[in-house]
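Down below is the structure, laid out as structure tokens.
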Amino acid sequence: MAVRLCDVASLLRSGSWAPEPWTGQVIATMETQLSNGPTCNNTSNGPSTISNNCSSPVEGSIEDSKTNLIVNYLPQNMTQEELKSLFGSIGEIESCKLVRDKITGQSLGYGFVNYVDPKDAEKAINTLNGLRLQTKTIKVSYARPSSASIRDANLYVSGLPKTMTQKELEQLFSQYGRIITSRILVDQVTGVSRGVGFIRFDRRVEAEEAIKGLNCQKPPGATEPITVKFANNPSQKTSQALLSQLYQSPNRRYPGPLAQQAQRFRDLLVLILASVCVYSRFSPMAIDGVTSLAGINIPGHAGTGWCIFVYNLAPDADESILWQMFGPFGAVTNVKVIRDFNTNKCKGFGFVTMTNYDEAAVAIASLNGYRLGDRVLQVSFKTNKTHKA
DNA sequence: TCATATT
């Protein structure tokens, strides 16, 4: 176990793997970043843009909100509170909602954040768009005004030539309207196209026209016709998938080394508790995991999660850098940079709260000694410091 | 025969 953690840490230090600030490039997916401002340009730092049809007269309507954001590609286990905590680090939030399946309660992987100040919304796009959280790269953009006309505008396309690129797919469909997102599914091993993909239009009527115009048609140069239909609704999951999610233990979400490590820690706690019982001649009691350990002092454990102490931050460090560093390791519920009351500069340290012990342990092992700028960070579980002479 | 983008 320790060997693995050291390996991760050395990987980080050597620079061959590191959480780095977003540079504005998306490799796995190409999407159109909508601009809701009065001008239509491609200067926003969102994921790469292929097409941006600027000819629509309704685009850039003055009624478009400049405070309301849609956040896409959120990690499955991210809660509304974590979403609020993340975006609240930018500025005051008027409202925040994580969208969940009405029946199962499962996150649909996107949400909305409405700021009080439009400047904070802009800042959130600039600083949080492209942030890596666990296995996801979140997307932050202005929300379009909610309307029935923009719903159910997602198409499933199959029978595509394996050689067709995402750009060519967009070129084929862009004659029917403004494309919000496009994707071609690829074989996970070989990376070669599976010949199926998705096109999300701005409006449902555009999607309908694309079906009429392209379903059962051969793309230029293709030998076989493609199939174009409305994509399945996200709520349409198999009962088996639902069951497996419902009965999935939170401790068993990550099999392999991490789960083993977490189990060892629980085993250790049980051992400690057992020895406490023997020492104090208490009769044996039922032990039901770490939740029964209230009252025992565990370093860094604050009840709501595992508090991590981060030392040697620069004076201009902000919450965003803590999210960027710790987010990829798992569920982060809160970050805080400690600042001087008068200068508002960072006093050199901060705290990060993570939900799961195993993820926190890997984050600490990986980020302790991490070089941030010209500083070497010290990262550990927060301890309950007592005054010593 | 399908990744998850409109509360």
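Chains: A, B, ... in order of the structure tokens. Residues: from 1 per chain. Ligands: from 1, in order shown.
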Would you give me, as a PyMOL selection string, the residues of chain A that come within 10 Å of chain B, using only C-alpha atoms (C1' of nucleotides)?
-> chain A and resi 70-73+96-100+108-112+139+143-148+150-151+153-158+180-181+183-185+196-198+200+202+231-235
How would the residues just chosen look if you wrote them out with C-alpha atoms as a short mmCIF file (atom, residue, chain, number, x, y, z; two decimals), in the first residue's frame?
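So the final result, stored in result10.cif, reads:
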data_model
loop_
_atom_site.label_atom_id
_atom_site.label_comp_id
_atom_site.auth_asym_id
_atom_site.auth_seq_id
_atom_site.Cartn_x
_atom_site.Cartn_y
_atom_site.Cartn_z
CA ILE A 70 -25.20 25.64 -16.49
CA VAL A 71 -22.55 23.25 -15.26
CA ASN A 72 -22.12 20.02 -17.20
CA TYR A 73 -20.12 16.81 -16.79
CA CYS A 96 -27.87 26.59 -6.98
CA LYS A 97 -29.43 23.36 -8.17
CA LEU A 98 -28.07 19.96 -8.99
CA VAL A 99 -30.46 18.24 -11.39
CA ARG A 100 -31.47 14.76 -10.28
CA LEU A 108 -27.98 13.64 -13.97
CA GLY A 109 -24.50 15.10 -14.02
CA TYR A 110 -25.40 18.72 -14.49
CA GLY A 111 -26.69 21.65 -12.53
CA PHE A 112 -27.31 25.36 -12.43
CA LYS A 139 -18.01 22.53 -18.39
CA ALA A 143 -27.50 28.83 -19.35
CA ARG A 144 -29.86 29.51 -22.18
CA PRO A 145 -33.29 30.76 -21.11
CA SER A 146 -35.31 27.73 -20.15
CA SER A 147 -37.81 26.86 -22.81
CA ALA A 148 -39.67 23.86 -24.17
CA ILE A 150 -34.67 23.66 -26.51
CA ARG A 151 -35.65 20.37 -24.88
CA ALA A 153 -33.13 18.27 -29.24
CA ASN A 154 -30.62 15.43 -28.89
CA LEU A 155 -30.07 13.03 -31.77
CA TYR A 156 -28.55 9.55 -31.89
CA VAL A 157 -26.74 8.84 -35.11
CA SER A 158 -25.60 5.36 -36.19
CA ILE A 180 -24.70 22.60 -29.05
CA THR A 181 -22.66 19.42 -28.68
CA ARG A 183 -19.73 13.36 -30.06
CA ILE A 184 -18.55 10.24 -31.82
CA LEU A 185 -18.26 7.17 -29.60
CA VAL A 196 -22.30 6.00 -33.66
CA GLY A 197 -22.58 9.44 -32.19
CA PHE A 198 -24.73 12.26 -30.85
CA ARG A 200 -27.49 18.08 -29.78
CA ASP A 202 -30.10 24.30 -29.98
CA ALA A 231 -31.63 9.87 -28.50
CA ASN A 232 -32.93 7.94 -25.52
CA ASN A 233 -34.03 9.97 -22.56
CA PRO A 234 -31.50 9.98 -19.70
CA SER A 235 -34.09 8.56 -17.29
#
Could you state the separation of atom CA of A:Thr383 and atom CA of A:His301 in Å, given to one decimal place?
-> 9.0 Å
Run DSSP on the backbone and give me the residues of stretch 69-210 of chain A it puts in alpha helix (DSSP H), as a PDB file with N, CA and C atoms, in the first residue's frame.
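Okay, result_3.pdb is ready:
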ATOM      1  N   GLN A  80     -25.299  18.587  -4.384  1.00  0.00           N
ATOM      2  CA  GLN A  80     -25.635  19.993  -4.590  1.00  0.00           C
ATOM      3  C   GLN A  80     -24.823  20.883  -3.652  1.00  0.00           C
ATOM      4  N   GLU A  81     -24.581  20.370  -2.445  1.00  0.00           N
ATOM      5  CA  GLU A  81     -23.814  21.138  -1.462  1.00  0.00           C
ATOM      6  C   GLU A  81     -22.369  21.323  -1.953  1.00  0.00           C
ATOM      7  N   GLU A  82     -21.809  20.272  -2.541  1.00  0.00           N
ATOM      8  CA  GLU A  82     -20.454  20.387  -3.064  1.00  0.00           C
ATOM      9  C   GLU A  82     -20.410  21.345  -4.252  1.00  0.00           C
ATOM     10  N   LEU A  83     -21.454  21.300  -5.067  1.00  0.00           N
ATOM     11  CA  LEU A  83     -21.545  22.218  -6.209  1.00  0.00           C
ATOM     12  C   LEU A  83     -21.582  23.661  -5.709  1.00  0.00           C
ATOM     13  N   LYS A  84     -22.414  23.879  -4.675  1.00  0.00           N
ATOM     14  CA  LYS A  84     -22.543  25.227  -4.115  1.00  0.00           C
ATOM     15  C   LYS A  84     -21.227  25.674  -3.477  1.00  0.00           C
ATOM     16  N   SER A  85     -20.578  24.741  -2.809  1.00  0.00           N
ATOM     17  CA  SER A  85     -19.309  25.066  -2.166  1.00  0.00           C
ATOM     18  C   SER A  85     -18.254  25.457  -3.194  1.00  0.00           C
ATOM     19  N   LEU A  86     -18.199  24.685  -4.276  1.00  0.00           N
ATOM     20  CA  LEU A  86     -17.225  24.967  -5.326  1.00  0.00           C
ATOM     21  C   LEU A  86     -17.459  26.329  -5.965  1.00  0.00           C
ATOM     22  N   PHE A  87     -18.706  26.577  -6.379  1.00  0.00           N
ATOM     23  CA  PHE A  87     -18.979  27.828  -7.094  1.00  0.00           C
ATOM     24  C   PHE A  87     -19.115  29.007  -6.135  1.00  0.00           C
ATOM     25  N   GLY A  88     -19.423  28.708  -4.871  1.00  0.00           N
ATOM     26  CA  GLY A  88     -19.492  29.763  -3.868  1.00  0.00           C
ATOM     27  C   GLY A  88     -18.136  30.356  -3.563  1.00  0.00           C
ATOM     28  N   PRO A 118     -23.209  39.457 -12.108  1.00  0.00           N
ATOM     29  CA  PRO A 118     -22.787  38.924 -13.415  1.00  0.00           C
ATOM     30  C   PRO A 118     -21.273  38.777 -13.529  1.00  0.00           C
ATOM     31  N   LYS A 119     -20.540  39.632 -12.848  1.00  0.00           N
ATOM     32  CA  LYS A 119     -19.069  39.538 -12.897  1.00  0.00           C
ATOM     33  C   LYS A 119     -18.581  38.218 -12.310  1.00  0.00           C
ATOM     34  N   ASP A 120     -19.263  37.753 -11.267  1.00  0.00           N
ATOM     35  CA  ASP A 120     -18.876  36.479 -10.668  1.00  0.00           C
ATOM     36  C   ASP A 120     -19.198  35.313 -11.606  1.00  0.00           C
ATOM     37  N   ALA A 121     -20.302  35.438 -12.344  1.00  0.00           N
ATOM     38  CA  ALA A 121     -20.645  34.399 -13.317  1.00  0.00           C
ATOM     39  C   ALA A 121     -19.555  34.307 -14.385  1.00  0.00           C
ATOM     40  N   GLU A 122     -19.119  35.454 -14.841  1.00  0.00           N
ATOM     41  CA  GLU A 122     -18.053  35.492 -15.846  1.00  0.00           C
ATOM     42  C   GLU A 122     -16.761  34.908 -15.274  1.00  0.00           C
ATOM     43  N   LYS A 123     -16.483  35.272 -14.026  1.00  0.00           N
ATOM     44  CA  LYS A 123     -15.270  34.769 -13.371  1.00  0.00           C
ATOM     45  C   LYS A 123     -15.336  33.251 -13.199  1.00  0.00           C
ATOM     46  N   ALA A 124     -16.538  32.751 -12.894  1.00  0.00           N
ATOM     47  CA  ALA A 124     -16.700  31.306 -12.715  1.00  0.00           C
ATOM     48  C   ALA A 124     -16.423  30.576 -14.025  1.00  0.00           C
ATOM     49  N   ILE A 125     -16.885  31.138 -15.132  1.00  0.00           N
ATOM     50  CA  ILE A 125     -16.610  30.521 -16.432  1.00  0.00           C
ATOM     51  C   ILE A 125     -15.107  30.512 -16.688  1.00  0.00           C
ATOM     52  N   ASN A 126     -14.489  31.648 -16.405  1.00  0.00           N
ATOM     53  CA  ASN A 126     -13.053  31.762 -16.690  1.00  0.00           C
ATOM     54  C   ASN A 126     -12.194  30.873 -15.815  1.00  0.00           C
ATOM     55  N   THR A 127     -12.615  30.643 -14.578  1.00  0.00           N
ATOM     56  CA  THR A 127     -11.742  29.905 -13.658  1.00  0.00           C
ATOM     57  C   THR A 127     -12.157  28.458 -13.439  1.00  0.00           C
ATOM     58  N   LEU A 128     -13.434  28.140 -13.603  1.00  0.00           N
ATOM     59  CA  LEU A 128     -13.876  26.769 -13.292  1.00  0.00           C
ATOM     60  C   LEU A 128     -14.192  25.935 -14.529  1.00  0.00           C
ATOM     61  N   GLN A 166     -15.353  14.013 -36.092  1.00  0.00           N
ATOM     62  CA  GLN A 166     -16.363  14.805 -35.409  1.00  0.00           C
ATOM     63  C   GLN A 166     -16.643  16.098 -36.176  1.00  0.00           C
ATOM     64  N   LYS A 167     -15.590  16.659 -36.722  1.00  0.00           N
ATOM     65  CA  LYS A 167     -15.749  17.887 -37.499  1.00  0.00           C
ATOM     66  C   LYS A 167     -16.639  17.640 -38.716  1.00  0.00           C
ATOM     67  N   GLU A 168     -16.397  16.510 -39.382  1.00  0.00           N
ATOM     68  CA  GLU A 168     -17.212  16.181 -40.563  1.00  0.00           C
ATOM     69  C   GLU A 168     -18.660  15.902 -40.170  1.00  0.00           C
ATOM     70  N   LEU A 169     -18.834  15.286 -39.009  1.00  0.00           N
ATOM     71  CA  LEU A 169     -20.189  15.032 -38.519  1.00  0.00           C
ATOM     72  C   LEU A 169     -20.919  16.353 -38.289  1.00  0.00           C
ATOM     73  N   GLU A 170     -20.223  17.297 -37.665  1.00  0.00           N
ATOM     74  CA  GLU A 170     -20.840  18.608 -37.421  1.00  0.00           C
ATOM     75  C   GLU A 170     -21.148  19.325 -38.737  1.00  0.00           C
ATOM     76  N   GLN A 171     -20.226  19.201 -39.684  1.00  0.00           N
ATOM     77  CA  GLN A 171     -20.442  19.866 -40.974  1.00  0.00           C
ATOM     78  C   GLN A 171     -21.695  19.322 -41.650  1.00  0.00           C
ATOM     79  N   LEU A 172     -21.896  18.006 -41.492  1.00  0.00           N
ATOM     80  CA  LEU A 172     -23.058  17.366 -42.106  1.00  0.00           C
ATOM     81  C   LEU A 172     -24.364  17.882 -41.503  1.00  0.00           C
ATOM     82  N   PHE A 173     -24.362  18.061 -40.174  1.00  0.00           N
ATOM     83  CA  PHE A 173     -25.602  18.416 -39.485  1.00  0.00           C
ATOM     84  C   PHE A 173     -25.811  19.925 -39.351  1.00  0.00           C
ATOM     85  N   ARG A 204     -35.389  21.932 -30.739  1.00  0.00           N
ATOM     86  CA  ARG A 204     -35.955  20.661 -31.160  1.00  0.00           C
ATOM     87  C   ARG A 204     -36.345  20.676 -32.648  1.00  0.00           C
ATOM     88  N   VAL A 205     -36.863  21.804 -33.113  1.00  0.00           N
ATOM     89  CA  VAL A 205     -37.292  21.853 -34.513  1.00  0.00           C
ATOM     90  C   VAL A 205     -36.108  21.623 -35.456  1.00  0.00           C
ATOM     91  N   GLU A 206     -34.944  22.062 -35.038  1.00  0.00           N
ATOM     92  CA  GLU A 206     -33.753  21.836 -35.862  1.00  0.00           C
ATOM     93  C   GLU A 206     -33.427  20.344 -35.927  1.00  0.00           C
ATOM     94  N   ALA A 207     -33.580  19.688 -34.767  1.00  0.00           N
ATOM     95  CA  ALA A 207     -33.331  18.246 -34.730  1.00  0.00           C
ATOM     96  C   ALA A 207     -34.329  17.502 -35.610  1.00  0.00           C
ATOM     97  N   GLU A 208     -35.576  17.941 -35.569  1.00  0.00           N
ATOM     98  CA  GLU A 208     -36.609  17.298 -36.391  1.00  0.00           C
ATOM     99  C   GLU A 208     -36.269  17.432 -37.874  1.00  0.00           C
ATOM    100  N   GLU A 209     -35.825  18.613 -38.281  1.00  0.00           N
ATOM    101  CA  GLU A 209     -35.464  18.831 -39.682  1.00  0.00           C
ATOM    102  C   GLU A 209     -34.264  17.975 -40.087  1.00  0.00           C
ATOM    103  N   ALA A 210     -33.335  17.799 -39.154  1.00  0.00           N
ATOM    104  CA  ALA A 210     -32.150  16.993 -39.451  1.00  0.00           C
ATOM    105  C   ALA A 210     -32.537  15.528 -39.657  1.00  0.00           C
TER     106      ALA A 210
END
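One distance worth recording is that between atom CA of A:Ile338 and atom CA of A:Leu313, which is 9.7 Å.
The protein and nucleic acid residues lying at most 6 Å from stretch 375-378 of chain A are Val310, Tyr311, Asn312, Asn368, Gly369, Tyr370, Arg371 and Leu372 of chain A, with only C-alpha atoms (C1' of nucleotides) considered and sequence neighbours fewer than 3 positions away removed.
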Written file, previous selection with C-alpha atoms, as a short mmCIF file (atom, residue, chain, number, x, y, z; two decimals), in the first residue's frame:
data_model
loop_
_atom_site.label_atom_id
_atom_site.label_comp_id
_atom_site.auth_asym_id
_atom_site.auth_seq_id
_atom_site.Cartn_x
_atom_site.Cartn_y
_atom_site.Cartn_z
CA VAL A 310 -2.25 22.44 3.42
CA TYR A 311 0.83 24.46 4.31
CA ASN A 312 3.13 26.82 2.37
CA ASN A 368 2.54 16.34 0.15
CA GLY A 369 5.82 17.66 -1.22
CA TYR A 370 4.10 18.84 -4.38
CA ARG A 371 5.83 21.82 -5.93
CA LEU A 372 3.39 24.68 -6.50
#
Write out as an MDAnalysis selection string the residues lying within 12 Å of A:Ala222, counting only C-alpha atoms (C1' of nucleotides) and excluding same-chain residues fewer than 2 positions away.
-> chainID A and resid 159:164 216:220 224:226
All heavy atoms of the current selection, written as a CSV table (one decimal), in the first residue's frame:
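The resulting file, part30.csv, is reproduced below:
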chain,number,residue,atom,x,y,z
A,159,GLY,N,-24.5,4.1,-37.9
A,159,GLY,CA,-24.1,3.8,-39.3
A,159,GLY,C,-23.2,4.7,-39.9
A,159,GLY,O,-23.0,4.8,-41.2
A,160,LEU,N,-22.5,5.5,-39.1
A,160,LEU,CA,-21.6,6.5,-39.7
A,160,LEU,C,-20.3,5.8,-40.2
A,160,LEU,O,-19.9,4.7,-39.7
A,160,LEU,CB,-21.1,7.5,-38.6
A,160,LEU,CG,-22.1,8.4,-38.0
A,160,LEU,CD1,-21.6,9.1,-36.7
A,160,LEU,CD2,-22.5,9.5,-39.0
A,161,PRO,N,-19.8,6.3,-41.3
A,161,PRO,CA,-18.5,5.7,-41.8
A,161,PRO,C,-17.4,5.8,-40.6
A,161,PRO,O,-17.4,6.9,-40.0
A,161,PRO,CB,-18.1,6.6,-42.9
A,161,PRO,CG,-19.4,7.3,-43.3
A,161,PRO,CD,-20.2,7.4,-42.1
A,162,LYS,N,-16.7,4.8,-40.4
A,162,LYS,CA,-15.7,4.7,-39.3
A,162,LYS,C,-14.6,5.8,-39.5
A,162,LYS,O,-14.0,6.2,-38.5
A,162,LYS,CB,-15.0,3.4,-39.3
A,162,LYS,CG,-16.0,2.2,-39.0
A,162,LYS,CD,-16.4,2.2,-37.6
A,162,LYS,CE,-17.0,0.8,-37.2
A,162,LYS,NZ,-18.4,0.6,-37.8
A,163,THR,N,-14.5,6.3,-40.7
A,163,THR,CA,-13.5,7.3,-41.0
A,163,THR,C,-14.0,8.7,-40.7
A,163,THR,O,-13.2,9.7,-40.7
A,163,THR,CB,-13.0,7.2,-42.4
A,163,THR,OG1,-14.1,7.4,-43.3
A,163,THR,CG2,-12.3,5.9,-42.7
A,164,MET,N,-15.3,8.9,-40.5
A,164,MET,CA,-15.8,10.2,-40.3
A,164,MET,C,-15.4,10.8,-39.0
A,164,MET,O,-15.5,10.2,-38.0
A,164,MET,CB,-17.4,10.2,-40.4
A,164,MET,CG,-18.0,11.6,-40.3
A,164,MET,SD,-19.8,11.5,-40.4
A,164,MET,CE,-20.0,11.9,-42.1
A,216,CYS,N,-31.5,7.8,-43.1
A,216,CYS,CA,-31.5,6.9,-44.3
A,216,CYS,C,-30.8,7.5,-45.5
A,216,CYS,O,-31.0,7.0,-46.6
A,216,CYS,CB,-33.0,6.5,-44.7
A,216,CYS,SG,-33.8,5.6,-43.4
A,217,GLN,N,-30.1,8.6,-45.3
A,217,GLN,CA,-29.3,9.2,-46.4
A,217,GLN,C,-27.8,8.8,-46.3
A,217,GLN,O,-27.3,8.5,-45.2
A,217,GLN,CB,-29.4,10.7,-46.3
A,217,GLN,CG,-30.9,11.2,-46.5
A,217,GLN,CD,-31.5,10.9,-47.9
A,217,GLN,OE1,-30.8,11.1,-48.9
A,217,GLN,NE2,-32.7,10.3,-47.9
A,218,LYS,N,-27.2,8.7,-47.4
A,218,LYS,CA,-25.7,8.5,-47.4
A,218,LYS,C,-25.0,9.8,-47.3
A,218,LYS,O,-25.2,10.7,-48.1
A,218,LYS,CB,-25.3,7.8,-48.7
A,218,LYS,CG,-25.8,6.3,-48.8
A,218,LYS,CD,-25.3,5.7,-50.1
A,218,LYS,CE,-26.0,4.4,-50.4
A,218,LYS,NZ,-25.7,4.0,-51.8
A,219,PRO,N,-24.1,9.9,-46.3
A,219,PRO,CA,-23.3,11.1,-46.3
A,219,PRO,C,-22.4,11.2,-47.5
A,219,PRO,O,-22.1,10.1,-48.1
A,219,PRO,CB,-22.4,10.9,-45.0
A,219,PRO,CG,-23.1,9.9,-44.2
A,219,PRO,CD,-23.8,9.0,-45.2
A,220,PRO,N,-21.9,12.3,-47.9
A,220,PRO,CA,-21.0,12.4,-49.1
A,220,PRO,C,-19.9,11.4,-49.0
A,220,PRO,O,-19.1,11.4,-48.1
A,220,PRO,CB,-20.5,13.9,-49.0
A,220,PRO,CG,-21.6,14.6,-48.3
A,220,PRO,CD,-22.1,13.6,-47.3
A,224,GLU,N,-22.9,3.5,-47.2
A,224,GLU,CA,-24.1,3.0,-46.5
A,224,GLU,C,-24.8,4.2,-45.9
A,224,GLU,O,-24.2,5.2,-45.5
A,224,GLU,CB,-23.7,2.1,-45.4
A,224,GLU,CG,-23.0,0.8,-45.8
A,224,GLU,CD,-23.9,0.0,-46.7
A,224,GLU,OE1,-25.1,-0.1,-46.5
A,224,GLU,OE2,-23.3,-0.6,-47.7
A,225,PRO,N,-26.2,4.1,-45.9
A,225,PRO,CA,-26.9,5.2,-45.3
A,225,PRO,C,-26.8,5.3,-43.7
A,225,PRO,O,-26.6,4.2,-43.1
A,225,PRO,CB,-28.4,4.9,-45.7
A,225,PRO,CG,-28.4,3.4,-45.9
A,225,PRO,CD,-27.0,3.1,-46.4
A,226,ILE,N,-27.0,6.4,-43.2
A,226,ILE,CA,-27.0,6.5,-41.7
A,226,ILE,C,-28.4,6.5,-41.1
A,226,ILE,O,-29.3,6.8,-41.8
A,226,ILE,CB,-26.2,7.8,-41.3
A,226,ILE,CG1,-26.9,9.1,-41.8
A,226,ILE,CG2,-24.8,7.8,-41.8
A,226,ILE,CD1,-26.4,10.4,-41.3
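With atom CA of A:Gly327 on one side and atom CA of A:Leu133 on the other, the separation reads 4.8 Å.
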